[in-house]
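Q: Got a structure here, written out as structure tokens. Questions coming.
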2 protein chains.
Amino acid sequence: MAATQKLKADLYAPLCPSRTVLDHLMSRWGVLVLLVLLERTWRFRELGRKVGGVSEKMLAQTLQHLEVDGFVRREAFPEIPPRVEYSLTPMGREAAQRVQGLALWVEANVGRVLSARAVGAKKVAARRSAS
Amino acid sequence: MAATQKLKADLYAPLCPSRTVLDHLMSRWGVLVLLVLLERTWRFRELGRKVGGVSEKMLAQTLQHLEVDGFVRREAFPEIPPRVEYSLTPMGREAAQRVQGLALWVEANVGRVLSARAVGAKKVAARRSAS
DNA sequence: CAGTATCCTACACGATACTG
DNA sequence: CAGTATCGTGTAGGATACTG
């Protein structure tokens, strides 16, 4: 009892908890944080600067979600000034690697997508004006 | 000229187009649509029912984003009643497979995450009350 | 069926100020 | 430094009605 659930998870079911897990992993900032953490351990501000464009609030919130879900480990050192280090748990590393798989593909293929957009945007626009 | 871009894409740069590509792929409904399309070709309503919980508006918008980006092919048949079929392009399949990699991991590991949450939520809550 | 157009609201998110 | 608290706003996204 209390063992890890074996009842089938189903992303297509709106109420399935797997949706919230996926939401945390794929959130705007969640993705970037995971990628950065894959590289090494970081302090809070350091992480913020590395990600680029994230506010303190969202960084804190994102890290808490990932910590609660067991993807990120937070270690606070009782010093002055305070120092807190964030790293991936083993499970976090597993998930982050999958995220990285997609991220690397995107970085490598933005060019193809941008080319596709040039023609794709017109097709969609044409349908709208044909009303 | 007009060749696919080779200039380095950087997800950490807020202005890099790769961010919008990733946003489309990882959006709430984008993920689910890609997973479903990986299975086979679907009609509009069919797709909506399969995904579960998506509104017409969001389904149409999501499909358009993916179509514009060159991930999804839309084929309309001049019949009455109208029939429109959506499928993945070869590039869409490449991306969708990466998305699937993460999705399958999540479905298989929700149990571990749920267990982690039981203890993780308390740790975070404890910090807040210790103010 | 396959959408589009309109309206409306909850909340995601940023900016700012403050605490330990 | 490492956050939390508060406030204000833009917009993602749902509900509904309508078109071809």
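Chain labels run A, B, ... following the order of the structure tokens; each chain numbers its residues from 1, and ligands are numbered from 1 in the order shown.
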Would you give me, as JSON lines, each residue of chain B having an atom within 9 Å of an atom of chain D, along with its shortest atom pair and that distance in Å to one decimal, using only C-alpha atoms (C1' of nucleotides) and sorting by chain and residue number?
A:
```
{"residue": "B:Ser55", "atom": "CA", "partner": "D:DG14", "partner_atom": "C1'", "distance": 7.0}
{"residue": "B:Lys57", "atom": "CA", "partner": "D:DG13", "partner_atom": "C1'", "distance": 8.3}
{"residue": "B:Met58", "atom": "CA", "partner": "D:DG13", "partner_atom": "C1'", "distance": 7.1}
{"residue": "B:Arg128", "atom": "CA", "partner": "D:DT4", "partner_atom": "C1'", "distance": 8.4}
{"residue": "B:Ser131", "atom": "CA", "partner": "D:DT4", "partner_atom": "C1'", "distance": 8.9}
```
Q: Please produce a file of those selected residues containing all heavy atoms, as a compact mmCIF listing (two decimals), in the first residue's frame.
A:
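As written to disk, part37.txt reads:
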```
# COMPACT_ATOMS: atom_id res chain seq x y z
N SER B 55 -11.57 23.32 -26.11
CA SER B 55 -12.67 24.04 -26.76
C SER B 55 -12.38 24.12 -28.26
O SER B 55 -11.25 23.99 -28.70
CB SER B 55 -12.78 25.44 -26.18
OG SER B 55 -11.63 26.19 -26.46
N LYS B 57 -12.37 26.68 -30.09
CA LYS B 57 -11.47 27.81 -30.35
C LYS B 57 -10.01 27.42 -30.18
O LYS B 57 -9.18 27.70 -31.04
CB LYS B 57 -11.80 28.95 -29.40
CG LYS B 57 -10.91 30.15 -29.56
CD LYS B 57 -11.25 31.20 -28.53
CE LYS B 57 -10.21 32.28 -28.49
NZ LYS B 57 -10.52 33.27 -27.43
N MET B 58 -9.71 26.80 -29.06
CA MET B 58 -8.32 26.45 -28.80
C MET B 58 -7.81 25.36 -29.72
O MET B 58 -6.65 25.36 -30.12
CB MET B 58 -8.16 26.02 -27.34
CG MET B 58 -8.31 27.16 -26.36
SD MET B 58 -7.40 28.63 -26.87
CE MET B 58 -5.71 28.06 -26.83
N ARG B 128 7.41 28.38 4.42
CA ARG B 128 6.55 29.57 4.37
C ARG B 128 6.07 29.96 5.76
O ARG B 128 6.01 31.15 6.10
CB ARG B 128 5.37 29.33 3.45
CG ARG B 128 5.79 28.99 2.04
CD ARG B 128 4.58 28.78 1.15
NE ARG B 128 3.92 30.02 0.82
CZ ARG B 128 4.27 30.79 -0.22
NH1 ARG B 128 5.28 30.43 -0.99
NH2 ARG B 128 3.62 31.89 -0.49
N SER B 131 8.18 32.09 8.73
CA SER B 131 8.54 33.47 8.38
C SER B 131 8.50 34.38 9.60
O SER B 131 7.65 34.25 10.43
CB SER B 131 7.57 34.00 7.32
OG SER B 131 6.27 34.06 7.86
```
Q: Using only C-alpha atoms and a cut-off of 8 Å, which residues of chain A sit close to chain B? Please list them as a short mmCIF file (atom, residue, chain, number, x, y, z; two decimals) with all heavy atoms, in the first residue's frame.
A:
```
data_model
loop_
_atom_site.label_atom_id
_atom_site.label_comp_id
_atom_site.auth_asym_id
_atom_site.auth_seq_id
_atom_site.Cartn_x
_atom_site.Cartn_y
_atom_site.Cartn_z
N THR A 4 3.98 3.18 -5.30
CA THR A 4 3.76 4.05 -6.45
C THR A 4 2.55 3.52 -7.23
O THR A 4 2.39 2.32 -7.38
CB THR A 4 4.99 4.07 -7.36
OG1 THR A 4 5.34 2.73 -7.68
CG2 THR A 4 6.14 4.73 -6.66
N GLN A 5 1.73 4.44 -7.69
CA GLN A 5 0.51 4.06 -8.38
C GLN A 5 0.77 3.29 -9.65
O GLN A 5 1.61 3.64 -10.45
CB GLN A 5 -0.27 5.32 -8.75
CG GLN A 5 -0.67 6.10 -7.55
CD GLN A 5 -1.99 6.80 -7.77
OE1 GLN A 5 -2.61 6.58 -8.80
NE2 GLN A 5 -2.40 7.60 -6.83
N LYS A 6 0.00 2.24 -9.82
CA LYS A 6 0.12 1.49 -11.06
C LYS A 6 -1.11 1.68 -11.93
O LYS A 6 -1.14 1.26 -13.07
CB LYS A 6 0.31 -0.01 -10.75
CG LYS A 6 1.72 -0.33 -10.25
CD LYS A 6 2.78 0.09 -11.27
CE LYS A 6 4.18 -0.25 -10.77
NZ LYS A 6 5.22 0.32 -11.63
N LYS A 8 -3.46 3.05 -14.47
CA LYS A 8 -3.06 3.71 -15.71
C LYS A 8 -3.22 5.24 -15.67
O LYS A 8 -4.29 5.77 -15.38
CB LYS A 8 -3.89 3.15 -16.86
CG LYS A 8 -3.37 3.55 -18.24
CD LYS A 8 -4.09 2.80 -19.33
CE LYS A 8 -5.55 3.14 -19.43
NZ LYS A 8 -5.86 4.51 -19.79
N ALA A 9 -2.15 5.93 -15.97
CA ALA A 9 -2.21 7.38 -16.12
C ALA A 9 -2.66 7.68 -17.54
O ALA A 9 -2.30 6.97 -18.48
CB ALA A 9 -0.84 7.99 -15.87
N ASP A 10 -3.45 8.72 -17.71
CA ASP A 10 -3.94 9.04 -19.04
C ASP A 10 -3.96 10.55 -19.27
O ASP A 10 -4.79 11.26 -18.74
CB ASP A 10 -5.34 8.47 -19.23
CG ASP A 10 -5.88 8.77 -20.62
OD1 ASP A 10 -5.10 9.22 -21.48
OD2 ASP A 10 -7.08 8.56 -20.83
N LEU A 11 -3.03 11.01 -20.07
CA LEU A 11 -2.92 12.44 -20.34
C LEU A 11 -4.16 13.00 -21.02
O LEU A 11 -4.42 14.20 -20.93
CB LEU A 11 -1.70 12.71 -21.23
CG LEU A 11 -0.35 12.71 -20.50
CD1 LEU A 11 0.77 12.76 -21.50
CD2 LEU A 11 -0.29 13.91 -19.58
N TYR A 12 -4.92 12.17 -21.68
CA TYR A 12 -6.10 12.67 -22.38
C TYR A 12 -7.26 12.93 -21.43
O TYR A 12 -8.23 13.56 -21.80
CB TYR A 12 -6.53 11.68 -23.47
CG TYR A 12 -5.45 11.42 -24.49
CD1 TYR A 12 -5.31 10.19 -25.09
CD2 TYR A 12 -4.56 12.43 -24.84
CE1 TYR A 12 -4.31 9.96 -26.03
CE2 TYR A 12 -3.56 12.20 -25.76
CZ TYR A 12 -3.44 10.97 -26.35
OH TYR A 12 -2.45 10.73 -27.28
N ALA A 13 -7.16 12.41 -20.22
CA ALA A 13 -8.22 12.65 -19.23
C ALA A 13 -7.93 13.97 -18.52
O ALA A 13 -6.90 14.11 -17.87
CB ALA A 13 -8.27 11.51 -18.23
N PRO A 14 -8.83 14.93 -18.65
CA PRO A 14 -8.60 16.27 -18.09
C PRO A 14 -8.25 16.25 -16.61
O PRO A 14 -7.54 17.13 -16.13
CB PRO A 14 -9.94 16.97 -18.32
CG PRO A 14 -10.53 16.28 -19.50
CD PRO A 14 -10.09 14.85 -19.39
N PRO A 17 -3.78 13.49 -12.87
CA PRO A 17 -2.67 14.26 -12.30
C PRO A 17 -1.48 14.38 -13.25
O PRO A 17 -0.67 15.29 -13.12
CB PRO A 17 -2.26 13.43 -11.07
CG PRO A 17 -3.36 12.47 -10.83
CD PRO A 17 -4.08 12.28 -12.10
N SER A 18 -1.38 13.47 -14.19
CA SER A 18 -0.26 13.53 -15.12
C SER A 18 -0.26 14.86 -15.88
O SER A 18 0.79 15.35 -16.29
CB SER A 18 -0.31 12.35 -16.09
OG SER A 18 -1.54 12.32 -16.77
N VAL A 21 1.66 17.40 -13.86
CA VAL A 21 3.09 17.10 -13.90
C VAL A 21 3.67 17.61 -15.21
O VAL A 21 4.70 18.31 -15.22
CB VAL A 21 3.34 15.58 -13.79
CG1 VAL A 21 4.82 15.27 -13.93
CG2 VAL A 21 2.81 15.04 -12.47
N LEU A 22 2.99 17.29 -16.29
CA LEU A 22 3.45 17.75 -17.60
C LEU A 22 3.45 19.28 -17.67
O LEU A 22 4.37 19.88 -18.22
CB LEU A 22 2.53 17.17 -18.69
CG LEU A 22 3.14 17.04 -20.08
CD1 LEU A 22 4.36 16.14 -20.06
CD2 LEU A 22 2.11 16.50 -21.06
N ASP A 23 2.44 19.89 -17.08
CA ASP A 23 2.38 21.36 -17.07
C ASP A 23 3.60 21.96 -16.39
O ASP A 23 4.16 22.94 -16.86
CB ASP A 23 1.10 21.84 -16.37
CG ASP A 23 -0.12 21.72 -17.28
OD1 ASP A 23 0.06 21.48 -18.47
OD2 ASP A 23 -1.24 21.86 -16.78
N MET A 26 6.68 21.40 -18.64
CA MET A 26 6.68 22.10 -19.92
C MET A 26 6.31 23.57 -19.81
O MET A 26 6.15 24.22 -20.83
CB MET A 26 5.70 21.42 -20.86
CG MET A 26 5.85 19.91 -20.81
SD MET A 26 6.50 19.25 -22.30
CE MET A 26 5.08 19.41 -23.35
N SER A 27 6.16 24.07 -18.61
CA SER A 27 5.81 25.47 -18.48
C SER A 27 6.91 26.33 -19.07
O SER A 27 8.06 25.91 -19.19
CB SER A 27 5.63 25.82 -17.01
OG SER A 27 6.88 25.79 -16.35
N ARG A 28 6.52 27.50 -19.45
CA ARG A 28 7.44 28.48 -20.05
C ARG A 28 8.82 28.46 -19.38
O ARG A 28 9.84 28.35 -20.03
CB ARG A 28 6.82 29.86 -19.92
CG ARG A 28 7.66 31.00 -20.41
CD ARG A 28 6.80 32.27 -20.49
NE ARG A 28 7.51 33.38 -21.08
CZ ARG A 28 7.94 33.40 -22.34
NH1 ARG A 28 7.74 32.37 -23.10
NH2 ARG A 28 8.58 34.45 -22.81
N LEU A 32 13.18 25.80 -19.32
CA LEU A 32 14.48 26.44 -19.32
C LEU A 32 15.26 26.12 -18.04
O LEU A 32 16.47 25.87 -18.08
CB LEU A 32 14.32 27.95 -19.50
CG LEU A 32 13.66 28.33 -20.84
CD1 LEU A 32 13.45 29.83 -20.93
CD2 LEU A 32 14.51 27.85 -22.00
N LYS A 50 21.07 33.27 -15.83
CA LYS A 50 21.33 32.34 -16.91
C LYS A 50 20.10 32.14 -17.81
O LYS A 50 20.21 32.09 -19.04
CB LYS A 50 21.75 30.98 -16.33
CG LYS A 50 21.96 29.88 -17.35
CD LYS A 50 23.23 30.09 -18.16
CE LYS A 50 23.47 28.92 -19.11
NZ LYS A 50 24.67 29.12 -19.93
N VAL A 51 18.95 32.04 -17.20
CA VAL A 51 17.73 31.79 -17.96
C VAL A 51 17.37 32.97 -18.86
O VAL A 51 17.04 32.80 -20.02
CB VAL A 51 16.55 31.45 -17.02
CG1 VAL A 51 15.23 31.54 -17.74
CG2 VAL A 51 16.73 30.05 -16.45
N GLY A 52 17.39 34.14 -18.30
CA GLY A 52 17.14 35.31 -19.14
C GLY A 52 15.68 35.67 -19.28
O GLY A 52 14.92 34.97 -19.91
N GLY A 53 15.29 36.80 -18.67
CA GLY A 53 13.93 37.28 -18.84
C GLY A 53 12.96 36.81 -17.78
O GLY A 53 11.79 37.17 -17.81
N GLN A 64 9.74 25.97 -6.95
CA GLN A 64 8.95 25.28 -5.93
C GLN A 64 8.12 24.15 -6.52
O GLN A 64 8.02 23.07 -5.96
CB GLN A 64 8.05 26.28 -5.20
CG GLN A 64 8.82 27.09 -4.18
CD GLN A 64 7.93 27.99 -3.36
OE1 GLN A 64 6.72 27.88 -3.39
NE2 GLN A 64 8.55 28.89 -2.61
N GLU A 67 10.41 21.41 -7.18
CA GLU A 67 10.89 20.80 -5.94
C GLU A 67 9.81 19.89 -5.34
O GLU A 67 10.09 18.75 -4.96
CB GLU A 67 11.26 21.88 -4.92
CG GLU A 67 11.88 21.31 -3.64
CD GLU A 67 11.97 22.36 -2.54
OE1 GLU A 67 11.63 23.53 -2.79
OE2 GLU A 67 12.38 21.99 -1.42
N VAL A 68 8.59 20.41 -5.29
CA VAL A 68 7.48 19.61 -4.75
C VAL A 68 7.30 18.31 -5.54
O VAL A 68 7.06 17.25 -4.97
CB VAL A 68 6.17 20.44 -4.76
CG1 VAL A 68 4.99 19.54 -4.47
CG2 VAL A 68 6.26 21.55 -3.73
N ASP A 69 7.42 18.41 -6.84
CA ASP A 69 7.25 17.23 -7.68
C ASP A 69 8.42 16.26 -7.58
O ASP A 69 8.39 15.17 -8.15
CB ASP A 69 7.06 17.64 -9.14
CG ASP A 69 5.68 18.22 -9.40
OD1 ASP A 69 4.88 18.29 -8.45
OD2 ASP A 69 5.39 18.57 -10.56
N GLY A 70 9.46 16.68 -6.88
CA GLY A 70 10.60 15.78 -6.70
C GLY A 70 11.62 15.81 -7.82
O GLY A 70 12.43 14.90 -7.94
N ALA A 95 13.73 13.15 -16.30
CA ALA A 95 12.74 13.97 -17.00
C ALA A 95 13.44 15.05 -17.83
O ALA A 95 13.08 15.27 -18.99
CB ALA A 95 11.79 14.61 -16.00
N ARG A 98 14.65 14.10 -21.24
CA ARG A 98 13.61 14.07 -22.29
C ARG A 98 13.30 15.47 -22.77
O ARG A 98 13.10 15.70 -23.97
CB ARG A 98 12.33 13.44 -21.73
CG ARG A 98 12.18 11.97 -22.03
CD ARG A 98 12.98 11.14 -21.07
NE ARG A 98 12.81 9.72 -21.28
CZ ARG A 98 13.35 8.82 -20.47
NH1 ARG A 98 14.09 9.21 -19.44
NH2 ARG A 98 13.19 7.54 -20.72
N VAL A 99 13.22 16.39 -21.85
CA VAL A 99 12.95 17.78 -22.22
C VAL A 99 14.07 18.28 -23.13
O VAL A 99 13.84 18.93 -24.15
CB VAL A 99 12.85 18.68 -20.98
CG1 VAL A 99 12.79 20.14 -21.38
CG2 VAL A 99 11.61 18.31 -20.17
N GLY A 101 15.87 16.56 -25.04
CA GLY A 101 15.76 15.95 -26.36
C GLY A 101 14.96 16.83 -27.31
O GLY A 101 15.37 17.06 -28.45
N LEU A 102 13.86 17.33 -26.80
CA LEU A 102 13.03 18.20 -27.62
C LEU A 102 13.70 19.55 -27.86
O LEU A 102 13.74 20.06 -28.97
CB LEU A 102 11.67 18.42 -26.96
CG LEU A 102 10.71 19.33 -27.71
CD1 LEU A 102 10.43 18.77 -29.10
CD2 LEU A 102 9.41 19.50 -26.95
N ALA A 103 14.28 20.09 -26.80
CA ALA A 103 14.90 21.42 -26.90
C ALA A 103 16.04 21.43 -27.93
O ALA A 103 16.15 22.35 -28.73
CB ALA A 103 15.41 21.86 -25.54
N TRP A 105 16.40 19.45 -30.42
CA TRP A 105 15.82 19.31 -31.76
C TRP A 105 15.35 20.67 -32.26
O TRP A 105 15.60 21.06 -33.40
CB TRP A 105 14.65 18.31 -31.76
CG TRP A 105 14.12 18.06 -33.13
CD1 TRP A 105 14.51 17.08 -34.00
CD2 TRP A 105 13.13 18.84 -33.82
NE1 TRP A 105 13.82 17.20 -35.18
CE2 TRP A 105 12.97 18.27 -35.10
CE3 TRP A 105 12.37 19.96 -33.48
CZ2 TRP A 105 12.08 18.77 -36.03
CZ3 TRP A 105 11.49 20.47 -34.42
CH2 TRP A 105 11.35 19.88 -35.68
N VAL A 106 14.67 21.40 -31.39
CA VAL A 106 14.16 22.72 -31.77
C VAL A 106 15.30 23.65 -32.14
O VAL A 106 15.28 24.29 -33.20
CB VAL A 106 13.32 23.35 -30.65
CG1 VAL A 106 13.02 24.81 -30.95
CG2 VAL A 106 12.02 22.58 -30.47
N GLU A 107 16.31 23.73 -31.30
CA GLU A 107 17.43 24.63 -31.60
C GLU A 107 18.08 24.29 -32.94
O GLU A 107 18.48 25.16 -33.70
CB GLU A 107 18.47 24.59 -30.48
CG GLU A 107 18.01 25.30 -29.22
CD GLU A 107 19.17 25.63 -28.28
OE1 GLU A 107 20.22 24.96 -28.36
OE2 GLU A 107 19.03 26.55 -27.47
N ALA A 108 18.16 23.00 -33.21
CA ALA A 108 18.80 22.56 -34.45
C ALA A 108 17.92 22.78 -35.67
O ALA A 108 18.41 22.86 -36.80
CB ALA A 108 19.19 21.08 -34.34
N VAL A 110 15.23 25.24 -35.97
CA VAL A 110 14.48 26.49 -36.09
C VAL A 110 14.46 26.96 -37.52
O VAL A 110 13.45 27.50 -37.99
CB VAL A 110 15.10 27.64 -35.26
CG1 VAL A 110 14.06 28.69 -34.99
CG2 VAL A 110 15.73 27.14 -34.01
N GLY A 111 15.54 26.77 -38.19
CA GLY A 111 15.63 27.22 -39.58
C GLY A 111 14.55 26.62 -40.44
O GLY A 111 13.86 27.33 -41.19
N ARG A 112 14.36 25.33 -40.33
CA ARG A 112 13.32 24.66 -41.13
C ARG A 112 11.95 25.22 -40.79
O ARG A 112 11.11 25.43 -41.67
CB ARG A 112 13.33 23.16 -40.85
CG ARG A 112 14.55 22.44 -41.41
CD ARG A 112 14.66 21.03 -40.82
NE ARG A 112 13.69 20.09 -41.37
CZ ARG A 112 13.47 18.88 -40.86
NH1 ARG A 112 14.13 18.47 -39.79
NH2 ARG A 112 12.60 18.07 -41.42
N VAL A 113 11.72 25.44 -39.50
CA VAL A 113 10.42 25.95 -39.08
C VAL A 113 10.20 27.35 -39.63
O VAL A 113 9.13 27.67 -40.15
CB VAL A 113 10.30 25.98 -37.54
CG1 VAL A 113 9.00 26.64 -37.12
CG2 VAL A 113 10.40 24.57 -36.98
N LEU A 114 11.23 28.18 -39.54
CA LEU A 114 11.11 29.54 -40.04
C LEU A 114 10.82 29.55 -41.53
O LEU A 114 10.00 30.36 -42.01
CB LEU A 114 12.39 30.32 -39.72
CG LEU A 114 12.34 31.25 -38.51
CD1 LEU A 114 11.44 30.72 -37.41
CD2 LEU A 114 13.74 31.51 -37.96
N SER A 115 11.43 28.68 -42.26
CA SER A 115 11.15 28.57 -43.68
C SER A 115 9.71 28.16 -43.91
O SER A 115 9.01 28.71 -44.76
CB SER A 115 12.09 27.54 -44.33
OG SER A 115 13.43 27.91 -44.14
N ALA A 116 9.28 27.18 -43.14
CA ALA A 116 7.90 26.70 -43.28
C ALA A 116 6.90 27.81 -42.99
O ALA A 116 5.88 27.93 -43.67
CB ALA A 116 7.66 25.52 -42.33
N ARG A 117 7.23 28.65 -42.01
CA ARG A 117 6.31 29.72 -41.64
C ARG A 117 6.08 30.69 -42.79
O ARG A 117 4.98 31.21 -42.96
CB ARG A 117 6.86 30.51 -40.45
CG ARG A 117 6.56 29.83 -39.13
CD ARG A 117 6.99 30.73 -37.98
NE ARG A 117 6.91 30.01 -36.72
CZ ARG A 117 7.39 30.46 -35.57
NH1 ARG A 117 7.99 31.64 -35.54
NH2 ARG A 117 7.26 29.77 -34.46
N VAL A 119 5.75 30.23 -45.90
CA VAL A 119 4.67 29.80 -46.79
C VAL A 119 3.42 29.47 -45.99
O VAL A 119 2.29 29.76 -46.42
CB VAL A 119 5.08 28.61 -47.67
CG1 VAL A 119 6.56 28.67 -48.02
CG2 VAL A 119 4.73 27.28 -47.04
N GLY A 120 3.58 28.88 -44.82
CA GLY A 120 2.44 28.43 -44.01
C GLY A 120 1.54 29.57 -43.58
O GLY A 120 0.31 29.45 -43.61
N ALA A 121 2.14 30.68 -43.19
CA ALA A 121 1.35 31.81 -42.72
C ALA A 121 0.40 32.30 -43.82
O ALA A 121 -0.74 32.67 -43.54
CB ALA A 121 2.27 32.94 -42.27
N VAL A 124 -2.78 30.01 -44.28
CA VAL A 124 -3.79 30.22 -43.26
C VAL A 124 -4.49 31.56 -43.46
O VAL A 124 -5.72 31.65 -43.37
CB VAL A 124 -3.16 30.16 -41.85
CG1 VAL A 124 -4.18 30.57 -40.80
CG2 VAL A 124 -2.64 28.76 -41.58
#
```
Q: I need the chain C residues near chain B as JSON, numbers by chain; criterion: at most 10 Å, counting only C-alpha atoms (C1' of nucleotides).
A: {"C": [1, 2, 3, 4, 19, 20]}
Q: Export N, CA, C and O atoms (P, O5', C5', C4', C3', O3' and C1' of nucleotides) of the chosen residues as a CSV table (one decimal), in the first residue's frame?
A:
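This is the output file selection.csv:
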```
chain,number,residue,atom,x,y,z
C,1,DC,P,-20.7,16.6,-36.2
C,1,DC,O5',-20.2,17.1,-37.6
C,1,DC,C5',-19.8,16.2,-38.5
C,1,DC,C4',-19.0,16.9,-39.6
C,1,DC,C3',-17.7,17.6,-39.0
C,1,DC,O3',-16.7,17.3,-39.9
C,1,DC,C1',-19.1,19.2,-40.0
C,2,DA,P,-15.1,17.6,-39.4
C,2,DA,O5',-14.9,19.1,-39.7
C,2,DA,C5',-14.8,19.6,-41.0
C,2,DA,C4',-14.6,21.1,-41.0
C,2,DA,C3',-13.6,21.6,-40.0
C,2,DA,O3',-12.8,22.6,-40.6
C,2,DA,C1',-15.6,22.7,-39.7
C,3,DG,P,-11.4,23.0,-40.0
C,3,DG,O5',-11.8,23.6,-38.5
C,3,DG,C5',-11.5,25.0,-38.3
C,3,DG,C4',-12.6,25.8,-38.8
C,3,DG,C3',-12.6,27.3,-38.3
C,3,DG,O3',-11.8,28.1,-39.2
C,3,DG,C1',-14.8,26.4,-38.4
C,4,DT,P,-11.1,29.3,-38.5
C,4,DT,O5',-12.1,30.5,-38.5
C,4,DT,C5',-12.8,30.9,-39.6
C,4,DT,C4',-13.9,31.9,-39.2
C,4,DT,C3',-13.3,33.1,-38.4
C,4,DT,O3',-13.8,34.3,-38.9
C,4,DT,C1',-15.1,32.0,-37.2
C,19,DT,P,9.7,45.5,6.0
C,19,DT,O5',10.2,44.0,5.9
C,19,DT,C5',9.2,42.9,6.0
C,19,DT,C4',9.9,41.6,6.1
C,19,DT,C3',11.0,41.5,7.2
C,19,DT,O3',10.8,40.2,7.8
C,19,DT,C1',12.0,41.0,5.1
C,20,DG,P,11.4,40.0,9.4
C,20,DG,O5',12.4,38.8,9.2
C,20,DG,C5',12.2,37.7,8.2
C,20,DG,C4',13.5,36.9,8.1
C,20,DG,C3',14.5,37.0,9.2
C,20,DG,O3',15.2,35.8,9.4
C,20,DG,C1',15.5,37.8,7.3
```
Q: Looking only at strand (DSSP E) from DSSP on the backbone, list the matching residues of stretch 3-115 of chain A as a ChimeraX atom specification.
A: /A:42-43,72-77,83-88
Q: Just how far from atom CA of B:Leu34 is atom CA of A:His24, in Å to one decimal?
A: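 Spanning atom CA of A:His24 to atom CA of B:Leu34 is a straight-line distance of 18.3 Å.
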Q: Mind giving me the straight-line distance from atom CA of A:Thr41 to atom CA of A:Leu88 in Å, one decimal?
A: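 Between atom CA of A:Thr41 and atom CA of A:Leu88 the gap is 7.8 Å.
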Q: Could you please determine the separation between atom CA of B:Thr62 and atom C1' of C:DC13 in Å, to one decimal place?
A: 21.6 Å
Q: Could you give me the residues within chain B that DSSP places in alpha helix (DSSP H), as number ranges by chain?
A: B: 18-26, 28-39, 44-51, 56-68, 90-129
